[in-house]
Every structure is written in C-alpha cells, then in structure tokens.
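Q: One file is attached below, start-v2.txt, containing compact mmCIF, N, CA and C atoms.
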```
# COMPACT_ATOMS: atom_id res chain seq x y z
N TYR A 26 -14.28 -97.25 -1.59
CA TYR A 26 -14.78 -96.22 -0.70
C TYR A 26 -13.68 -95.38 -0.06
N ARG A 27 -12.59 -95.18 -0.72
CA ARG A 27 -11.45 -94.51 -0.06
C ARG A 27 -11.65 -93.01 0.14
N VAL A 28 -12.08 -92.21 -0.82
CA VAL A 28 -12.22 -90.78 -0.64
C VAL A 28 -13.67 -90.35 -0.90
N GLN A 29 -14.54 -91.20 -0.74
CA GLN A 29 -15.91 -90.89 -1.11
C GLN A 29 -16.68 -90.34 0.09
N GLN A 30 -17.75 -89.63 -0.23
CA GLN A 30 -18.57 -89.02 0.80
C GLN A 30 -19.98 -89.58 0.72
N ILE A 31 -20.77 -89.28 1.75
CA ILE A 31 -22.14 -89.80 1.81
C ILE A 31 -23.09 -88.60 1.78
N ASP A 32 -24.15 -88.72 0.98
CA ASP A 32 -25.12 -87.62 0.93
C ASP A 32 -26.14 -87.75 2.05
N LYS A 33 -27.16 -86.87 2.05
CA LYS A 33 -28.13 -86.83 3.15
C LYS A 33 -28.96 -88.11 3.25
N SER A 34 -29.20 -88.72 2.14
CA SER A 34 -30.02 -89.94 2.16
C SER A 34 -29.19 -91.19 2.45
N GLY A 35 -27.88 -91.04 2.62
CA GLY A 35 -27.03 -92.17 2.98
C GLY A 35 -26.38 -92.86 1.81
N ARG A 36 -26.50 -92.34 0.63
CA ARG A 36 -25.86 -92.97 -0.53
C ARG A 36 -24.42 -92.51 -0.63
N VAL A 37 -23.54 -93.34 -1.15
CA VAL A 37 -22.14 -93.02 -1.33
C VAL A 37 -21.99 -92.23 -2.63
N ILE A 38 -21.24 -91.12 -2.57
CA ILE A 38 -21.05 -90.26 -3.73
C ILE A 38 -19.67 -90.55 -4.29
N ASP A 39 -19.61 -90.86 -5.56
CA ASP A 39 -18.34 -91.09 -6.23
C ASP A 39 -17.79 -89.74 -6.69
N LEU A 40 -16.65 -89.30 -6.12
CA LEU A 40 -16.08 -87.99 -6.42
C LEU A 40 -15.56 -87.91 -7.85
N GLU A 41 -15.07 -88.98 -8.39
CA GLU A 41 -14.55 -88.97 -9.76
C GLU A 41 -15.66 -88.72 -10.77
N ARG A 42 -16.81 -89.30 -10.54
CA ARG A 42 -17.93 -89.13 -11.47
C ARG A 42 -18.55 -87.74 -11.37
N ASN A 43 -18.50 -87.15 -10.20
CA ASN A 43 -19.15 -85.86 -9.97
C ASN A 43 -18.13 -84.71 -9.85
N LYS A 44 -16.98 -84.87 -10.47
CA LYS A 44 -15.91 -83.86 -10.37
C LYS A 44 -16.35 -82.50 -10.92
N SER A 45 -17.03 -82.45 -12.02
CA SER A 45 -17.45 -81.17 -12.61
C SER A 45 -18.44 -80.45 -11.69
N LYS A 46 -19.35 -81.21 -11.06
CA LYS A 46 -20.29 -80.60 -10.14
C LYS A 46 -19.55 -80.01 -8.94
N LEU A 47 -18.56 -80.72 -8.44
CA LEU A 47 -17.78 -80.23 -7.30
C LEU A 47 -17.00 -78.97 -7.67
N ASN A 48 -16.44 -78.94 -8.88
CA ASN A 48 -15.71 -77.74 -9.33
C ASN A 48 -16.65 -76.53 -9.39
N ILE A 49 -17.87 -76.75 -9.86
CA ILE A 49 -18.84 -75.66 -9.92
C ILE A 49 -19.16 -75.16 -8.51
N ILE A 50 -19.36 -76.08 -7.57
CA ILE A 50 -19.67 -75.70 -6.19
C ILE A 50 -18.49 -74.95 -5.57
N GLU A 51 -17.27 -75.44 -5.79
CA GLU A 51 -16.08 -74.76 -5.26
C GLU A 51 -15.94 -73.36 -5.84
N ARG A 52 -16.19 -73.22 -7.14
CA ARG A 52 -16.13 -71.92 -7.78
C ARG A 52 -17.17 -70.96 -7.19
N GLU A 53 -18.37 -71.47 -6.95
CA GLU A 53 -19.41 -70.64 -6.33
C GLU A 53 -19.00 -70.20 -4.93
N PHE A 54 -18.36 -71.10 -4.17
CA PHE A 54 -17.87 -70.71 -2.84
C PHE A 54 -16.81 -69.61 -2.94
N LYS A 55 -15.91 -69.73 -3.90
CA LYS A 55 -14.88 -68.70 -4.08
C LYS A 55 -15.51 -67.36 -4.46
N GLU A 56 -16.49 -67.38 -5.36
CA GLU A 56 -17.16 -66.15 -5.76
C GLU A 56 -17.93 -65.54 -4.58
N ALA A 57 -18.55 -66.39 -3.77
CA ALA A 57 -19.27 -65.89 -2.60
C ALA A 57 -18.31 -65.26 -1.60
N GLU A 58 -17.15 -65.89 -1.40
CA GLU A 58 -16.14 -65.33 -0.49
C GLU A 58 -15.62 -63.99 -1.02
N LYS A 59 -15.39 -63.93 -2.33
CA LYS A 59 -14.90 -62.70 -2.94
C LYS A 59 -15.93 -61.58 -2.81
N SER A 60 -17.20 -61.88 -3.09
CA SER A 60 -18.24 -60.86 -2.98
C SER A 60 -18.41 -60.43 -1.53
N GLU A 61 -18.29 -61.35 -0.58
CA GLU A 61 -18.36 -61.00 0.84
C GLU A 61 -17.20 -60.10 1.24
N TYR A 62 -16.01 -60.40 0.71
CA TYR A 62 -14.83 -59.57 0.99
C TYR A 62 -15.06 -58.14 0.50
N TRP A 63 -15.55 -57.99 -0.73
CA TRP A 63 -15.77 -56.65 -1.28
C TRP A 63 -16.91 -55.93 -0.57
N ARG A 64 -17.93 -56.67 -0.14
CA ARG A 64 -19.02 -56.06 0.62
C ARG A 64 -18.50 -55.51 1.95
N GLN A 65 -17.65 -56.29 2.63
CA GLN A 65 -17.07 -55.83 3.89
C GLN A 65 -16.17 -54.62 3.67
N LYS A 66 -15.38 -54.67 2.59
CA LYS A 66 -14.48 -53.55 2.29
C LYS A 66 -15.29 -52.27 2.02
N GLU A 67 -16.37 -52.40 1.26
CA GLU A 67 -17.23 -51.25 0.97
C GLU A 67 -17.88 -50.72 2.25
N GLU A 68 -18.30 -51.62 3.13
CA GLU A 68 -18.90 -51.21 4.40
C GLU A 68 -17.89 -50.47 5.27
N GLU A 69 -16.66 -50.97 5.31
CA GLU A 69 -15.60 -50.30 6.07
C GLU A 69 -15.33 -48.91 5.51
N GLU A 70 -15.30 -48.80 4.19
CA GLU A 70 -15.07 -47.51 3.55
C GLU A 70 -16.20 -46.54 3.87
N MET A 71 -17.44 -47.03 3.84
CA MET A 71 -18.58 -46.18 4.16
C MET A 71 -18.51 -45.73 5.62
N ARG A 72 -18.16 -46.63 6.51
CA ARG A 72 -18.01 -46.26 7.92
C ARG A 72 -16.93 -45.20 8.09
N TYR A 73 -15.84 -45.35 7.36
CA TYR A 73 -14.75 -44.38 7.43
C TYR A 73 -15.22 -43.01 6.97
N ARG A 74 -15.96 -42.96 5.84
CA ARG A 74 -16.46 -41.68 5.34
C ARG A 74 -17.42 -41.03 6.33
N VAL A 75 -18.30 -41.84 6.93
CA VAL A 75 -19.24 -41.30 7.92
C VAL A 75 -18.47 -40.75 9.12
N GLN A 76 -17.45 -41.51 9.54
CA GLN A 76 -16.64 -41.07 10.68
C GLN A 76 -15.92 -39.76 10.36
N GLN A 77 -15.40 -39.63 9.14
CA GLN A 77 -14.73 -38.39 8.74
C GLN A 77 -15.70 -37.22 8.74
N LYS A 78 -16.92 -37.45 8.26
CA LYS A 78 -17.92 -36.38 8.26
C LYS A 78 -18.27 -35.97 9.69
N ARG A 79 -18.38 -36.95 10.57
CA ARG A 79 -18.68 -36.62 11.97
C ARG A 79 -17.56 -35.81 12.59
N HIS A 80 -16.31 -36.23 12.33
CA HIS A 80 -15.17 -35.48 12.86
C HIS A 80 -15.14 -34.06 12.31
N ALA A 81 -15.42 -33.90 11.03
CA ALA A 81 -15.44 -32.57 10.43
C ALA A 81 -16.54 -31.71 11.05
N ALA A 82 -17.71 -32.31 11.27
CA ALA A 82 -18.81 -31.57 11.89
C ALA A 82 -18.45 -31.16 13.32
N LEU A 83 -17.81 -32.07 14.06
CA LEU A 83 -17.39 -31.74 15.42
C LEU A 83 -16.34 -30.63 15.42
N ASP A 84 -15.41 -30.69 14.47
CA ASP A 84 -14.39 -29.64 14.37
C ASP A 84 -15.02 -28.29 14.06
N ARG A 85 -15.99 -28.28 13.12
CA ARG A 85 -16.68 -27.03 12.81
C ARG A 85 -17.43 -26.50 14.02
N ALA A 86 -18.08 -27.41 14.75
CA ALA A 86 -18.83 -26.98 15.94
C ALA A 86 -17.88 -26.41 16.99
N ARG A 87 -16.72 -27.06 17.18
CA ARG A 87 -15.74 -26.56 18.14
C ARG A 87 -15.22 -25.19 17.73
N ALA A 88 -14.93 -25.03 16.45
CA ALA A 88 -14.43 -23.74 15.96
C ALA A 88 -15.49 -22.65 16.14
N GLN A 89 -16.75 -22.98 15.84
CA GLN A 89 -17.84 -22.02 16.00
C GLN A 89 -18.00 -21.65 17.47
N GLU A 90 -17.92 -22.65 18.33
CA GLU A 90 -18.04 -22.40 19.77
C GLU A 90 -16.89 -21.53 20.27
N LYS A 91 -15.69 -21.80 19.77
CA LYS A 91 -14.52 -21.01 20.17
C LYS A 91 -14.68 -19.55 19.71
N LEU A 92 -15.18 -19.37 18.48
CA LEU A 92 -15.40 -18.03 17.95
C LEU A 92 -16.43 -17.28 18.78
N MET A 93 -17.52 -17.95 19.13
CA MET A 93 -18.55 -17.31 19.94
C MET A 93 -18.00 -16.94 21.32
N LYS A 94 -17.17 -17.81 21.89
CA LYS A 94 -16.56 -17.53 23.19
C LYS A 94 -15.62 -16.33 23.09
N MET A 95 -14.85 -16.26 22.00
CA MET A 95 -13.95 -15.12 21.81
C MET A 95 -14.74 -13.81 21.68
N LYS A 96 -15.84 -13.85 20.93
CA LYS A 96 -16.67 -12.66 20.77
C LYS A 96 -17.27 -12.24 22.12
N GLU A 97 -17.74 -13.21 22.87
CA GLU A 97 -18.31 -12.91 24.18
C GLU A 97 -17.26 -12.33 25.11
N ASP A 98 -16.06 -12.92 25.11
CA ASP A 98 -14.97 -12.40 25.94
C ASP A 98 -14.60 -10.98 25.54
N ARG A 99 -14.58 -10.71 24.25
CA ARG A 99 -14.24 -9.37 23.76
C ARG A 99 -15.29 -8.36 24.21
N GLN A 100 -16.55 -8.75 24.13
CA GLN A 100 -17.62 -7.85 24.56
C GLN A 100 -17.51 -7.58 26.06
N ILE A 101 -17.21 -8.59 26.84
CA ILE A 101 -17.05 -8.40 28.28
C ILE A 101 -15.87 -7.49 28.57
N ARG A 102 -14.75 -7.69 27.84
CA ARG A 102 -13.59 -6.82 28.03
C ARG A 102 -13.93 -5.37 27.72
N GLN A 103 -14.67 -5.16 26.61
CA GLN A 103 -15.06 -3.80 26.24
C GLN A 103 -15.96 -3.18 27.30
N GLU A 104 -16.86 -3.96 27.87
CA GLU A 104 -17.74 -3.45 28.92
C GLU A 104 -16.93 -3.09 30.17
N ILE A 105 -15.93 -3.92 30.49
CA ILE A 105 -15.08 -3.64 31.66
C ILE A 105 -14.28 -2.37 31.44
N VAL A 106 -13.70 -2.23 30.26
CA VAL A 106 -12.92 -1.03 29.95
C VAL A 106 -13.81 0.20 29.97
N SER A 107 -15.01 0.09 29.41
CA SER A 107 -15.94 1.21 29.39
C SER A 107 -16.35 1.59 30.81
N ALA A 108 -16.63 0.58 31.64
CA ALA A 108 -17.01 0.87 33.02
C ALA A 108 -15.86 1.51 33.78
N THR A 109 -14.63 1.05 33.52
CA THR A 109 -13.46 1.63 34.18
C THR A 109 -13.26 3.06 33.75
N ARG A 110 -13.42 3.35 32.48
CA ARG A 110 -13.27 4.72 31.98
C ARG A 110 -14.33 5.63 32.58
N GLU A 111 -15.56 5.13 32.65
CA GLU A 111 -16.63 5.94 33.22
C GLU A 111 -16.39 6.22 34.70
N SER A 112 -15.79 5.26 35.41
CA SER A 112 -15.54 5.48 36.83
C SER A 112 -14.48 6.56 37.04
N TYR A 113 -13.59 6.71 36.07
CA TYR A 113 -12.57 7.78 36.15
C TYR A 113 -13.05 9.06 35.47
N GLY A 114 -14.22 9.06 34.91
CA GLY A 114 -14.76 10.25 34.26
C GLY A 114 -14.28 10.44 32.84
N ILE A 115 -13.70 9.42 32.24
CA ILE A 115 -13.21 9.51 30.86
C ILE A 115 -14.32 9.04 29.94
N ARG A 116 -14.66 9.89 28.99
CA ARG A 116 -15.68 9.50 28.03
C ARG A 116 -15.15 9.70 26.63
N TYR A 117 -15.31 8.69 25.83
CA TYR A 117 -14.90 8.75 24.43
C TYR A 117 -16.15 8.69 23.58
N PRO A 118 -16.21 9.51 22.57
CA PRO A 118 -17.40 9.44 21.69
C PRO A 118 -17.38 8.13 20.92
N ALA A 119 -18.55 7.64 20.65
CA ALA A 119 -18.65 6.40 19.88
C ALA A 119 -18.17 6.66 18.46
N VAL A 120 -17.25 5.85 18.01
CA VAL A 120 -16.67 6.02 16.68
C VAL A 120 -17.15 4.90 15.80
N GLU A 121 -17.70 5.29 14.66
CA GLU A 121 -18.09 4.27 13.69
C GLU A 121 -16.87 3.84 12.90
N ARG A 122 -16.65 2.57 12.87
CA ARG A 122 -15.49 2.06 12.13
C ARG A 122 -15.95 1.50 10.81
N LYS A 123 -15.25 1.89 9.78
CA LYS A 123 -15.53 1.35 8.46
C LYS A 123 -14.38 0.44 8.11
N LYS A 124 -14.68 -0.79 7.85
CA LYS A 124 -13.64 -1.78 7.58
C LYS A 124 -12.98 -1.52 6.24
N GLY A 125 -11.66 -1.50 6.25
CA GLY A 125 -10.89 -1.43 5.02
C GLY A 125 -10.87 -0.08 4.34
N LEU A 126 -11.42 0.97 4.93
CA LEU A 126 -11.46 2.27 4.27
C LEU A 126 -10.45 3.25 4.85
N ARG A 127 -9.52 2.80 5.59
CA ARG A 127 -8.54 3.67 6.22
C ARG A 127 -7.52 4.11 5.17
N SER A 128 -7.37 5.41 5.03
CA SER A 128 -6.43 5.92 4.03
C SER A 128 -5.06 6.07 4.66
N LYS A 129 -4.06 6.15 3.82
CA LYS A 129 -2.69 6.25 4.31
C LYS A 129 -2.43 7.58 4.99
N GLY A 130 -3.09 8.63 4.57
CA GLY A 130 -2.85 9.96 5.11
C GLY A 130 -3.82 10.32 6.22
N SER A 131 -4.46 9.36 6.83
CA SER A 131 -5.47 9.70 7.82
C SER A 131 -4.88 10.24 9.10
N ARG A 132 -3.62 10.04 9.35
CA ARG A 132 -3.00 10.54 10.58
C ARG A 132 -2.26 11.85 10.36
N SER A 133 -2.20 12.35 9.16
CA SER A 133 -1.47 13.59 8.89
C SER A 133 -2.32 14.80 9.28
N LEU A 134 -1.67 15.93 9.44
CA LEU A 134 -2.39 17.15 9.78
C LEU A 134 -3.16 17.63 8.56
N LYS A 135 -4.39 18.01 8.75
CA LYS A 135 -5.21 18.46 7.62
C LYS A 135 -5.56 19.93 7.81
N SER A 136 -4.57 20.73 8.20
CA SER A 136 -4.84 22.14 8.45
C SER A 136 -4.25 23.03 7.36
N GLY A 137 -4.13 22.54 6.18
CA GLY A 137 -3.66 23.36 5.07
C GLY A 137 -2.16 23.59 5.12
N GLY A 138 -1.41 22.69 5.67
CA GLY A 138 0.04 22.81 5.68
C GLY A 138 0.57 23.47 6.92
N ALA A 139 -0.27 23.81 7.87
CA ALA A 139 0.21 24.46 9.09
C ALA A 139 0.93 23.45 9.95
N THR A 140 1.97 23.90 10.57
CA THR A 140 2.71 23.04 11.47
C THR A 140 2.41 23.42 12.89
N SER A 141 2.97 22.73 13.80
CA SER A 141 2.72 23.01 15.21
C SER A 141 3.51 24.22 15.68
N LEU A 142 4.22 24.91 14.78
CA LEU A 142 5.01 26.07 15.17
C LEU A 142 4.17 27.33 15.22
N GLY A 143 2.94 27.29 14.77
CA GLY A 143 2.02 28.35 15.08
C GLY A 143 1.58 29.28 14.00
N SER A 144 1.66 29.00 12.74
CA SER A 144 1.14 29.93 11.74
C SER A 144 -0.32 29.60 11.49
N ALA A 145 -1.04 30.55 11.06
CA ALA A 145 -2.44 30.34 10.75
C ALA A 145 -2.54 29.78 9.34
N PRO A 146 -3.31 28.76 9.12
CA PRO A 146 -3.34 28.10 7.82
C PRO A 146 -4.00 28.90 6.72
N ASP A 147 -5.03 29.66 7.01
CA ASP A 147 -5.80 30.31 5.96
C ASP A 147 -5.43 31.78 5.75
N THR A 148 -4.55 32.34 6.53
CA THR A 148 -4.24 33.76 6.40
C THR A 148 -3.21 34.04 5.33
N GLY A 149 -2.54 33.02 4.86
CA GLY A 149 -1.54 33.23 3.83
C GLY A 149 -0.20 33.62 4.41
N SER A 150 -0.09 33.75 5.70
CA SER A 150 1.20 34.13 6.29
C SER A 150 2.06 32.91 6.48
N SER A 151 3.34 33.14 6.55
CA SER A 151 4.25 32.04 6.75
C SER A 151 4.88 32.17 8.13
N PHE A 152 5.70 31.24 8.47
CA PHE A 152 6.38 31.24 9.75
C PHE A 152 7.40 32.37 9.84
N PHE A 153 8.00 32.66 8.70
CA PHE A 153 9.04 33.71 8.68
C PHE A 153 8.40 35.08 8.50
N VAL A 154 8.88 36.02 9.23
CA VAL A 154 8.36 37.39 9.12
C VAL A 154 9.06 38.07 7.95
N THR A 155 8.26 38.64 7.08
CA THR A 155 8.81 39.32 5.91
C THR A 155 8.58 40.83 6.06
N GLU A 156 9.14 41.61 5.15
CA GLU A 156 9.03 43.06 5.22
C GLU A 156 7.61 43.55 5.07
N GLY A 157 6.80 42.87 4.31
CA GLY A 157 5.44 43.31 4.06
C GLY A 157 4.53 43.09 5.27
N GLU A 158 4.89 42.25 6.18
CA GLU A 158 4.02 41.95 7.33
C GLU A 158 4.27 42.89 8.48
N MET A 159 5.35 43.63 8.48
CA MET A 159 5.68 44.49 9.59
C MET A 159 4.93 45.71 9.60
```
Show this structure as structure tokens.
A:
Amino acid sequence: YRVQQIDKSGRVIDLERNKSKLNIIEREFKEAEKSEYWRQKEEEEMRYRVQQKRHAALDRARAQEKLMKMKEDRQIRQEIVSATRESYGIRYPAVERKKGLRSKGSRSLKSGGATSLGSAPDTGSSFFVTEGEM
C-alpha cells in the first residue's frame, strides 16, 4: 500500500495495474488546460478588438465634436465682424465663393492693358503723345 490510492467506494487502487488509464486521464487534463488557455487568449483578443473599436469611435466622436465647435466659433466670429462693420456703416456685398476655381490672373487689371497712369483702354491712344494726336 505504499503509493496507492482509494476510490469512492473505499477500494485500494493499484497504480501499476491502472497506469494506462492514469496516462489517459493526465493527457485529458493537459488537453483541457491547453484548450482553456486558448479560449482565454481568444477572449482577451476579442476584448482588445472591442476596446480598440470603442476608442476609435470615441476619437471620431471627439473629432466630429471639435469640428462642429470650430464651425460654430467661425460663424459667431463672422456674425461679430458683420455686426461691427454694420455699426461703422461698412457694408460689403455678399460674395459667392467657388472652391478651387481661382485663376492665377484674377488680381491683374482687366482694362485692356491700361495702367494707372491714365490712358483710356478702348480709344487706341497710348500714354505718349504722338504727332497725329495733336
């Protein structure tokens, strides 16, 4: 009776005779531990993915909220500037802005080549007085 165990009914179990049964039971315990380990690992991974999705959703919500706040602040600033201009009697016509359609020459003079020195653009005269104009 040196290394033997007793079953539920009180009988002594000979370990040498039942070695193969014990090996099967030990193997099943190892497989159960391994499957439990992988189940826990998969659960942790799923929790991590859910947490990442929540963080991403929160970040998107924060960015959207920040954008809405910036738009609201811009509108308030425009209203303040407009009210200030009106109080001084300054009125600017409403300008329609077209995104991305600004040409490079939009700031140049479009008076047919006339400069600020005073010639008329459509009369054909130049800045210099010639014999024919006198």
Q: Distance atom C of Lys91 (chain A)-atom C of Ala108 (chain A), one decimal place?
A: 25.4 Å
Q: Interatomic distance between atom N of Gln100 (chain A) and atom N of Arg87 (chain A)?
A: 19.6 Å
Q: How many Å lie between CA of Met93 (chain A) and CA of Ser112 (chain A), rounded to one decimal?
A: 28.5 Å
